[in-house]
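Student: Starting off with a structure, shown below.
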Amino acid sequence: MIAAAHLQTPGIYWLSILPVVVLAGSGVAIVLTRAIGRNSAVVFPVSLVIAAAGVIGAAVLAVFQWVDVERNGSSGGPYTAIAKMVVIDRFGIFLELVILGATALALLLSIAYLQRQELPRVEYVALLLFSASGMLIMATANDLIVVFLALEILSIPLYVLVALDRSRLSSQEAGIKYFVLGSFSSAIFLYGVALVYGGTGTTTLFAGGRSIAAFLSGNVLLDNSTLLIGLMLLLVGLGFKVAAVPFHMWTPDVYQGAPTPITGFMASATKAAGFAALLRVLYTAFASYRVDWAPAIWALAVLSLLVGSIAALLQSDLKRMLAYSSISHAGYVLIGVQAASSRGRESALAYLLIYAFMVIGSFGVITVLTGRGDDDHTIAGYRGLAAREPLLAGLLTLFLLAQAGVPLTGGFVAKLGVFEAAEASNEYALALIGMLAAAIAAYFYLRAVIAFYSAPEGAEPDAAPARRRIRIDPWSGFVLLVAAAGVLVTGFAPELVFHFARQATLIG
Amino acid sequence: MTITGNYYLIVALLLFTIGATGLLIRRNVLVMFMCIELMLNAVNLTFVTFAKMLDDVGGQVIVFFTLVVAAAEVAVGLAIIVAIFRRRRGATADDIDLLRG
């Protein structure tokens with residue numbers, strides 16, 4: 001019999017997980033509020049206040065960690081905590097802040113939308129916070145099992161959120177497709193964890209003593225096939241989450257069917273969380289196996305870029321087109337990942353931050369434009385938008401042009417960053433394919449923009465445009481303003497983003 | 001004949017392959033759901049076998065985490081399935097084809 005007194009429990013350094021605790025705690029508080037307040041009218045406003053407190057509190061703590069980690073008295077730099085399960089470095093904190101920003105914008109965007117679509121509002125807010133707390137765990141996970149748990153904590157609420165609109169069959173269909181394929185990818189990821197565990201005897205990513213990184217740098221394996229198969233299965237699992245081709249099949253359906261603010265949230269925050277895990281696994285644990293994983297990432301990047309941009313050309317639905325464009329954006333980030341250098345890390349981080357602004361802005365405008373029901377997003381239906389809604393059409397044009405990578409917008413800066421990283425690592429072919437994909441992509445973004453500024457089909461040329469102005473609610477207006485400012489500021493002053501991205505170093 | 005750890009690993013691999021194949025070829029959503037469970041449990045078997053082979057308790061602890069995750073997935077997945085099939089008859093994946101392109 002094992003005496004309990006002999007069990008060594010790990011010390012818990014609470015500051016390291018405090019942002020997650022605060023965010024998840026605010027989600028729990030909202031669920032309790034709902035249980036206590038039942039259907040009272042104040043429950044939703046109260047839950048919004050709690051959510052705001054949670055997100056802002058977590059962000060403040062993350063900023064504090066950002067400052068604290070470099071002047072940490074005991075270790076003076078990035079450190080691991082809680083039996084090496086969690087790592088605190090500026091890389092993770094940078095992505096935590098991106099995720100929290102995207103969560104805040106998605107929440108603000110949802111307030112009027114939830115009212116319009118008559119969705120269960122309080123549950124929606126709580127689920128969004130739970131999902132976001134999973135993403136925060138993912139950004140700071142230092143153990144493959146923690147990565148797996150984070151993957152599930154972020155996915156399970158998302159399955160529900162995607163399927164939440166019970167009045168639309170498309171939402172439920174998207175939910176079940178996301179659920180089946182998401183669980184499939186999680187199971188594959190877990191099998192990868194098991195094989196890596198079998199190959200190295202540990203699941204800790206990076207730490208002194210016992211960890212995958214230490215094991216691989218200290219030992220030369222005679223037969224590393226188990227380990228390599230495990231690594232490839234990990235890539236498959238994470239490839240699903242970041243929507244890289246050939247693991248992208250779910251993306252168009254889910255992005256199209258999900259409630260539009262959730263689509264924006266998935267495209268920005270989930271992608272950031274997925275890449276956080278991908279970068280950390282490849283750059284810290286498997287840094288010495290670069291020759292093995294770099295070709296795989298190369299192939300994923302090329303396929304994502306080409307399939308994403310070419311398939312987007314064929315779409316007639318705006319949300320679906322943006323889904324394929326988000327697949328090609330994953331390809332650009334993968335260019336940065338493939339570089340396997342500090343330049344590559346920097347450019348991937350900057351790309352994720354700028355892309356969050358662009359994509360939340362795009363889906364933000366679409367959210368504002370949806371009336372009751374969220375199904376009709378054909379590009380043909382957006383013809384003549386500029387005559388009806390000059391302001392919203394102008395904003396959507398800005399966001400689409402930024403995604404296309406037009407100079408003086410953040411999108412250009414982001415793309416330039418990953419191409420420079422690829423060139424610095426002598427990956428000229430990859431950079432060239434990226435530029436080619438950007439040229440193809442420019443065509444479908446411009447096609448949508450031209451539709452906004454042309455007359456609607458069947459309209460008489462002289463007829464005065466029907467001026468049925470949509471009132472932009474203040475919260476959505478604020479989101480659009482922030483997103484537009486983000487896109488423009490990063491475009492004019494790229495140094496601002498890259499300054500912080502450069503400081504966002506990984507442990508080790 | 002002694003049964004070494006490798007036999008267990010091969011059984012686990014077979015179970016995982018059956019689960020993955022079943023998920024891809026079966027059309028009934030509930031059966032697809034069971035296939036996911038089969039895959040997760042095959043992984044559990046792999047973890048336990050490696051834990052025994054490496055003489056490390058970590059792999060056995062991981063199984064508990066997997067079980068919890070699988071239970072949470074079942075709860076949410078069944079809820080989504082029930083919600084969607086209240087509105088239509090039968091649980092065939094081929095009927096869910098609104099979104100395509």
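Naming works like this for the structure tokens: A, B, ... for the chains as they're shown, residue 1 at the start of each chain, ligands 1 onward in shown order.
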Using only C-alpha atoms, which chain A residues lie at most 7 Å away from chain B, written as a PyMOL selection string?

Tutor: chain A and resi 156+170+172-173+176+179+183-184+187+190-191+194+198+201+253

Student: Please provide as a count of residues only all residues within 12 Å of Val291 of chain A, with the sequence filter that same-chain residues fewer than 3 positions apart are discarded (counting only C-alpha atoms).

Tutor: 13

Student: Excluding segment 82-94 of chain A and its own-chain neighbours fewer than 4 positions away, which residues fall within 7 Å of it when counting only C-alpha atoms? Please give them as a PyMOL selection string.

Tutor: chain A and resi 10-13+16+62+66+69+78+98+139-143+146+204+207+503-507

Student: Put those residues in a file: N, CA and C atoms, as a PDB file, in the first residue's frame.

Tutor:
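Written file, result04.pdb:
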```pdb
ATOM      1  N   PRO A  10       3.304  18.361  -6.741  1.00  0.00           N
ATOM      2  CA  PRO A  10       4.076  19.494  -7.250  1.00  0.00           C
ATOM      3  C   PRO A  10       3.624  20.802  -6.592  1.00  0.00           C
ATOM      4  N   GLY A  11       4.571  21.695  -6.411  1.00  0.00           N
ATOM      5  CA  GLY A  11       4.217  23.021  -5.925  1.00  0.00           C
ATOM      6  C   GLY A  11       3.512  23.779  -7.029  1.00  0.00           C
ATOM      7  N   ILE A  12       2.533  24.582  -6.665  1.00  0.00           N
ATOM      8  CA  ILE A  12       1.798  25.324  -7.681  1.00  0.00           C
ATOM      9  C   ILE A  12       2.157  26.803  -7.572  1.00  0.00           C
ATOM     10  N   TYR A  13       2.741  27.304  -8.640  1.00  0.00           N
ATOM     11  CA  TYR A  13       3.080  28.724  -8.688  1.00  0.00           C
ATOM     12  C   TYR A  13       1.907  29.429  -9.368  1.00  0.00           C
ATOM     13  N   SER A  16       1.624  31.774 -12.566  1.00  0.00           N
ATOM     14  CA  SER A  16       1.827  31.252 -13.919  1.00  0.00           C
ATOM     15  C   SER A  16       0.518  30.904 -14.607  1.00  0.00           C
ATOM     16  N   ALA A  62      -1.748  39.067 -17.889  1.00  0.00           N
ATOM     17  CA  ALA A  62      -0.809  38.643 -18.934  1.00  0.00           C
ATOM     18  C   ALA A  62       0.232  39.732 -19.183  1.00  0.00           C
ATOM     19  N   TRP A  66       4.216  39.522 -18.768  1.00  0.00           N
ATOM     20  CA  TRP A  66       5.132  39.948 -19.827  1.00  0.00           C
ATOM     21  C   TRP A  66       6.290  40.747 -19.238  1.00  0.00           C
ATOM     22  N   VAL A  69       8.353  38.465 -16.464  1.00  0.00           N
ATOM     23  CA  VAL A  69       9.142  37.296 -16.833  1.00  0.00           C
ATOM     24  C   VAL A  69      10.596  37.669 -17.106  1.00  0.00           C
ATOM     25  N   PRO A  78      12.425  33.162 -18.903  1.00  0.00           N
ATOM     26  CA  PRO A  78      11.310  32.219 -19.001  1.00  0.00           C
ATOM     27  C   PRO A  78      11.493  31.069 -18.021  1.00  0.00           C
ATOM     28  N   VAL A  98      -3.067  38.151 -27.936  1.00  0.00           N
ATOM     29  CA  VAL A  98      -3.800  38.118 -29.217  1.00  0.00           C
ATOM     30  C   VAL A  98      -5.143  37.414 -29.021  1.00  0.00           C
ATOM     31  N   ALA A 139      -1.531  28.136 -25.261  1.00  0.00           N
ATOM     32  CA  ALA A 139      -0.403  29.023 -25.552  1.00  0.00           C
ATOM     33  C   ALA A 139       0.728  28.836 -24.562  1.00  0.00           C
ATOM     34  N   THR A 140       0.430  28.352 -23.347  1.00  0.00           N
ATOM     35  CA  THR A 140       1.477  28.237 -22.340  1.00  0.00           C
ATOM     36  C   THR A 140       1.754  26.782 -21.952  1.00  0.00           C
ATOM     37  N   ALA A 141       1.220  25.825 -22.717  1.00  0.00           N
ATOM     38  CA  ALA A 141       1.393  24.423 -22.335  1.00  0.00           C
ATOM     39  C   ALA A 141       2.824  23.973 -22.611  1.00  0.00           C
ATOM     40  N   ASN A 142       3.383  23.200 -21.684  1.00  0.00           N
ATOM     41  CA  ASN A 142       4.741  22.687 -21.874  1.00  0.00           C
ATOM     42  C   ASN A 142       4.754  21.171 -21.781  1.00  0.00           C
ATOM     43  N   ASP A 143       3.600  20.561 -22.031  1.00  0.00           N
ATOM     44  CA  ASP A 143       3.516  19.121 -21.941  1.00  0.00           C
ATOM     45  C   ASP A 143       2.486  18.692 -22.972  1.00  0.00           C
ATOM     46  N   VAL A 146      -0.958  18.372 -21.688  1.00  0.00           N
ATOM     47  CA  VAL A 146      -1.617  19.655 -21.447  1.00  0.00           C
ATOM     48  C   VAL A 146      -2.084  20.253 -22.773  1.00  0.00           C
ATOM     49  N   THR A 204       6.918  15.832 -21.522  1.00  0.00           N
ATOM     50  CA  THR A 204       7.311  17.224 -21.292  1.00  0.00           C
ATOM     51  C   THR A 204       8.037  17.749 -22.523  1.00  0.00           C
ATOM     52  N   ALA A 207      12.474  21.292 -20.912  1.00  0.00           N
ATOM     53  CA  ALA A 207      12.864  21.599 -19.540  1.00  0.00           C
ATOM     54  C   ALA A 207      14.225  20.967 -19.322  1.00  0.00           C
ATOM     55  N   GLN A 503      10.517  40.538 -29.270  1.00  0.00           N
ATOM     56  CA  GLN A 503      10.752  40.251 -27.847  1.00  0.00           C
ATOM     57  C   GLN A 503      10.075  38.962 -27.406  1.00  0.00           C
ATOM     58  N   ALA A 504       9.106  38.495 -28.225  1.00  0.00           N
ATOM     59  CA  ALA A 504       8.319  37.337 -27.807  1.00  0.00           C
ATOM     60  C   ALA A 504       9.095  36.065 -28.075  1.00  0.00           C
ATOM     61  N   THR A 505      10.123  35.826 -27.290  1.00  0.00           N
ATOM     62  CA  THR A 505      10.981  34.664 -27.521  1.00  0.00           C
ATOM     63  C   THR A 505      10.446  33.443 -26.806  1.00  0.00           C
ATOM     64  N   LEU A 506      10.770  32.281 -27.351  1.00  0.00           N
ATOM     65  CA  LEU A 506      10.428  31.016 -26.722  1.00  0.00           C
ATOM     66  C   LEU A 506      11.436  30.710 -25.626  1.00  0.00           C
ATOM     67  N   ILE A 507      11.026  29.823 -24.730  1.00  0.00           N
ATOM     68  CA  ILE A 507      11.951  29.354 -23.706  1.00  0.00           C
ATOM     69  C   ILE A 507      13.085  28.575 -24.391  1.00  0.00           C
TER      70      ILE A 507
END
```

Student: Run DSSP on the backbone and give me the residues of segment 188-416 of chain A it puts in helix (DSSP H, G or I), as a PyMOL selection string.

Tutor: chain A and resi 188-200+212-218+225-242+250-257+260-285+287-313+318-339+342-369+380-382+385-388+390-404+410-416

Student: Between atom CA of Phe500 of chain A and atom CA of Val413 of chain A, what is the distance, to one decimal in Å?

Tutor: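 These two atoms are separated by 14.5 Å.
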
Student: What is the atom CA of Gln8 of chain A to atom CA of Phe215 of chain A distance in Å?

Tutor: 23.5 Å

Student: Restricting the calculation to only C-alpha atoms, which member of A:Phe363, A:Tyr351, A:Tyr255, A:Tyr332 is positioned closest to Arg320 of chain A?

Tutor: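 Of A:Phe363, A:Tyr351, A:Tyr255, A:Tyr332, the one nearest Arg320 of chain A is A:Tyr255, counting only C-alpha atoms.
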
Student: Would you compute the distance between atom CA of Thr270 of chain A and atom CA of Thr378 of chain A? Give it in Å to one decimal.

Tutor: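 Atom CA of Thr270 of chain A sits 25.2 Å away from atom CA of Thr378 of chain A.
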
Student: Could you check the closest approach to Leu322 of chain A for each of A:Ala277, A:Ala448, A:Leu408, A:Leu432 and tell me which residue wins, using only C-alpha atoms?

Tutor: A:Ala448

Student: List as number ranges by chain the protein and nucleic acid residues near Arg116 of chain A, meaning an atom at most 12 Å away when only C-alpha atoms are counted, but skip any in the same chain fewer than 4 places from it.

Tutor: A: 109-112, 120-121, 165, 259, 367-374, 473

Student: Contacts of Ala301 of chain A at 9 Å or less, counting only C-alpha atoms, minus same-chain residues fewer than 6 places along, as a list in words?

Tutor: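 After dropping sequence-adjacent residues, the list is Ala244, Val245, Ser328, Ala330, Gly331, Tyr332, Val333, Leu334, Ile335, Gln338, Leu430 and Gly434 of chain A.
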